[in-house]
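A.B. asks: There's a structure below that I have some questions on.
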Amino acid sequence: MNRLILPPQATQVGLAVDVAAFAMHAGELRALLVQRGALPHARDWALPGGFVHPGEELHEAALRELRTETTVQLEPRHLEQFYTFGEVNRDPRGRIVSVAHLAVLPHGTVHVTAGGHTLGAEWLSAHQPPVLAFDHRAILDKAIGRLQLRLEYANLAMEFLPDTFTLPELQGVYEAVLNRKLDKRNFRKRLLSQGILTPSGERRTGVGRPAQLYRRAKHARVGAL
């Protein structure tokens, strides 16, 4: 006699997005953080994020939360899903799965203010952030690791800079993201040998010798592995 096997009771799961957004400020890699205005973790710092609306694509939800919670209206230079965080007890409100996104905001993005239900929004050190709510420190650390890989395999460093830049400025991005110093001669030799840069025909004047400006070569694909 066949026995009817009933499925286990379905678990109610919430779907959310969190955004690790980065930019370069004063030669340092900064992450965009918000101060939560509601429980749980009220007044704690966190990554911008929230629940996905019905019928909303994940990237749309990530952009909406970024713009609502921080008043940043600029389009990210780069936006990608990089990991799903679904540990059972990651959120005291219940079983919530978060699809984490990595974003690089345009050069010169500095001023941000709080929006929505947040109490504050600031660009803070990515490598030495304050204590973060939920598992957001783990999300931020994994986003930095992803960003470091993207520097080497997708030329993502140029997305942090204006259209034309000097080699020292580009090296500064690498050093800020990797959180270590690089040898100047080896760095220039390696970058120039890859054929991803082309001289812009202009020089930046200032103290000392005018510096050669470069731009991304037309055939160089940035942001795609």
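Ligands are numbered from 1 in the order shown, chains are lettered A, B, ... in the order of the structure tokens, and residues start at 1 in each chain.
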Which residues of stretch 40-109 of chain A come within 12 Å of stretch 145-150 of chain A, and what is each one's closest atom pair and distance in Å (one decimal), counting only C-alpha atoms, sorted by chain and residue number, as a Markdown table?

C.D. replies:
| residue | atom | partner | partner_atom | distance |
| --- | --- | --- | --- | --- |
| A:His78 | CA | A:Leu147 | CA | 10.8 |
| A:Leu79 | CA | A:Leu147 | CA | 11.2 |
| A:Glu80 | CA | A:Arg146 | CA | 10.4 |
| A:Gln81 | CA | A:Arg146 | CA | 10.4 |
| A:Phe82 | CA | A:Arg146 | CA | 7.4 |
| A:Tyr83 | CA | A:Arg146 | CA | 9.4 |
| A:Ala100 | CA | A:Arg146 | CA | 11.4 |
| A:His101 | CA | A:Arg146 | CA | 10.5 |
| A:Leu102 | CA | A:Leu147 | CA | 8.0 |
| A:Ala103 | CA | A:Leu147 | CA | 9.4 |
| A:Val104 | CA | A:Leu147 | CA | 9.4 |

A.B. asks: Could you write out the selected residues, including all heavy atoms, as a compact mmCIF listing (two decimals), in the first residue's frame?

C.D. replies:
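File written: selection-v2.txt
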# COMPACT_ATOMS: atom_id res chain seq x y z
N HIS A 78 28.82 51.41 -12.66
CA HIS A 78 28.83 49.95 -12.71
C HIS A 78 27.88 49.44 -11.64
O HIS A 78 27.87 49.93 -10.51
CB HIS A 78 30.25 49.43 -12.47
CG HIS A 78 30.33 47.93 -12.46
ND1 HIS A 78 30.43 47.18 -13.61
CD2 HIS A 78 30.33 47.04 -11.44
CE1 HIS A 78 30.48 45.90 -13.29
NE2 HIS A 78 30.42 45.79 -11.99
N LEU A 79 27.06 48.44 -11.98
CA LEU A 79 26.14 47.82 -11.03
C LEU A 79 26.01 46.35 -11.37
O LEU A 79 25.73 46.00 -12.52
CB LEU A 79 24.76 48.49 -11.08
CG LEU A 79 23.69 47.92 -10.14
CD1 LEU A 79 24.03 48.23 -8.69
CD2 LEU A 79 22.31 48.48 -10.49
N GLU A 80 26.24 45.49 -10.37
CA GLU A 80 26.13 44.05 -10.61
C GLU A 80 25.70 43.33 -9.34
O GLU A 80 25.99 43.76 -8.22
CB GLU A 80 27.47 43.47 -11.07
CG GLU A 80 28.57 43.53 -10.02
CD GLU A 80 29.78 42.68 -10.38
OE1 GLU A 80 29.65 41.44 -10.33
OE2 GLU A 80 30.83 43.26 -10.68
N GLN A 81 24.98 42.24 -9.52
CA GLN A 81 24.71 41.31 -8.42
C GLN A 81 25.99 40.51 -8.18
O GLN A 81 26.61 40.04 -9.13
CB GLN A 81 23.58 40.36 -8.76
CG GLN A 81 22.24 41.02 -9.03
CD GLN A 81 21.20 40.01 -9.46
OE1 GLN A 81 21.28 38.83 -9.12
NE2 GLN A 81 20.22 40.46 -10.22
N PHE A 82 26.37 40.32 -6.92
CA PHE A 82 27.61 39.57 -6.71
C PHE A 82 27.47 38.43 -5.71
O PHE A 82 28.32 37.55 -5.67
CB PHE A 82 28.74 40.50 -6.28
CG PHE A 82 28.62 41.06 -4.89
CD1 PHE A 82 29.20 40.42 -3.80
CD2 PHE A 82 27.92 42.24 -4.66
CE1 PHE A 82 29.09 40.93 -2.53
CE2 PHE A 82 27.81 42.77 -3.39
CZ PHE A 82 28.39 42.11 -2.32
N TYR A 83 26.40 38.40 -4.90
CA TYR A 83 26.27 37.29 -3.95
C TYR A 83 24.88 37.33 -3.33
O TYR A 83 24.26 38.39 -3.26
CB TYR A 83 27.33 37.40 -2.84
CG TYR A 83 27.61 36.10 -2.12
CD1 TYR A 83 28.41 35.12 -2.71
CD2 TYR A 83 27.09 35.86 -0.86
CE1 TYR A 83 28.67 33.93 -2.05
CE2 TYR A 83 27.35 34.67 -0.19
CZ TYR A 83 28.14 33.71 -0.80
OH TYR A 83 28.40 32.52 -0.15
N ALA A 100 22.82 40.79 -2.84
CA ALA A 100 23.73 41.92 -2.68
C ALA A 100 24.21 42.42 -4.04
O ALA A 100 24.50 41.64 -4.95
CB ALA A 100 24.92 41.54 -1.81
N HIS A 101 24.28 43.74 -4.17
CA HIS A 101 24.74 44.40 -5.39
C HIS A 101 25.98 45.23 -5.11
O HIS A 101 26.10 45.84 -4.04
CB HIS A 101 23.65 45.31 -5.96
CG HIS A 101 22.50 44.58 -6.57
ND1 HIS A 101 21.64 43.79 -5.82
CD2 HIS A 101 22.06 44.51 -7.86
CE1 HIS A 101 20.72 43.28 -6.64
NE2 HIS A 101 20.95 43.71 -7.86
N LEU A 102 26.88 45.27 -6.07
CA LEU A 102 28.07 46.12 -6.02
C LEU A 102 27.87 47.26 -7.00
O LEU A 102 27.49 47.04 -8.15
CB LEU A 102 29.31 45.30 -6.38
CG LEU A 102 30.69 45.97 -6.32
CD1 LEU A 102 31.77 44.92 -6.12
CD2 LEU A 102 31.00 46.76 -7.59
N ALA A 103 28.12 48.49 -6.54
CA ALA A 103 27.95 49.67 -7.41
C ALA A 103 29.19 50.55 -7.32
O ALA A 103 29.78 50.70 -6.25
CB ALA A 103 26.71 50.46 -7.00
N VAL A 104 29.57 51.12 -8.45
CA VAL A 104 30.62 52.15 -8.50
C VAL A 104 29.95 53.43 -8.96
O VAL A 104 29.37 53.47 -10.04
CB VAL A 104 31.76 51.76 -9.46
CG1 VAL A 104 32.78 52.89 -9.55
CG2 VAL A 104 32.44 50.47 -8.99

A.B. asks: So which bits of stretch 128-207 of chain A end up helix (DSSP H, G or I) when you DSSP the backbone, as JSON, numbers by chain?

C.D. replies: {"A": [136, 137, 138, 139, 140, 141, 142, 143, 144, 145, 146, 147, 148, 149, 150, 151, 152, 153, 154, 156, 157, 158, 159, 160, 167, 168, 169, 170, 171, 172, 173, 174, 175, 176, 177, 178, 184, 185, 186, 187, 188, 189, 190, 191, 192, 193]}

A.B. asks: Expressed in Å to a single decimal, how great is the separation between atom CA of A:Leu33 and atom CA of A:Leu132?

C.D. replies: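 Computed distance, atom CA of A:Leu33 to atom CA of A:Leu132, equals 9.0 Å.
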
A.B. asks: When you look at A:Glu175 with a cut-off of 12 Å (counting only C-alpha atoms), what residues show up, excluding the ones that are within fewer than 5 positions of it in the same chain? I need them as a ChimeraX atom specification.

C.D. replies: /A:24,27-29,148,151,157,168-170,180-184,187

A.B. asks: Do a neighbour search on stretch 120-123 of chain A at 8 Å with only C-alpha atoms, toss out local chain neighbours closer than 3 positions, and write the hits as JSON, numbers by chain.

C.D. replies: {"A": [30, 31, 32, 33, 34, 35, 36, 69, 70, 110, 112, 113, 114, 115]}

A.B. asks: Using only C-alpha atoms, find the one residue out of A:Gly94, A:Phe134, A:Ala217, A:Gln212 that sits nearest to A:Gln12.

C.D. replies: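 Closest to A:Gln12 of all the choices is A:Gly94.
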
A.B. asks: Taking only C-alpha atoms into account, which of A:Met158, A:Gln194, A:Val177, A:Gly172 comes nearest A:Arg215?

C.D. replies: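 Closest to A:Arg215, using only C-alpha atoms: A:Met158.
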
A.B. asks: Using only C-alpha atoms, which of A:His53, A:His111, A:Arg43, A:His127 sits nearest A:Ala176?

C.D. replies: A:His127

A.B. asks: Need the shell around A:Leu197: protein/DNA/RNA residues with any atom at most 10 Å away, counting only C-alpha atoms. Skip same-chain ones fewer than 4 positions apart. Format as a list of chain:residue names?

C.D. replies: A:Met158, A:Leu167, A:Leu191, A:Leu192, A:Ser193, A:Leu213, A:Tyr214, A:Arg215, A:Arg216, A:Ala217, A:Lys218, A:His219, A:Ala220
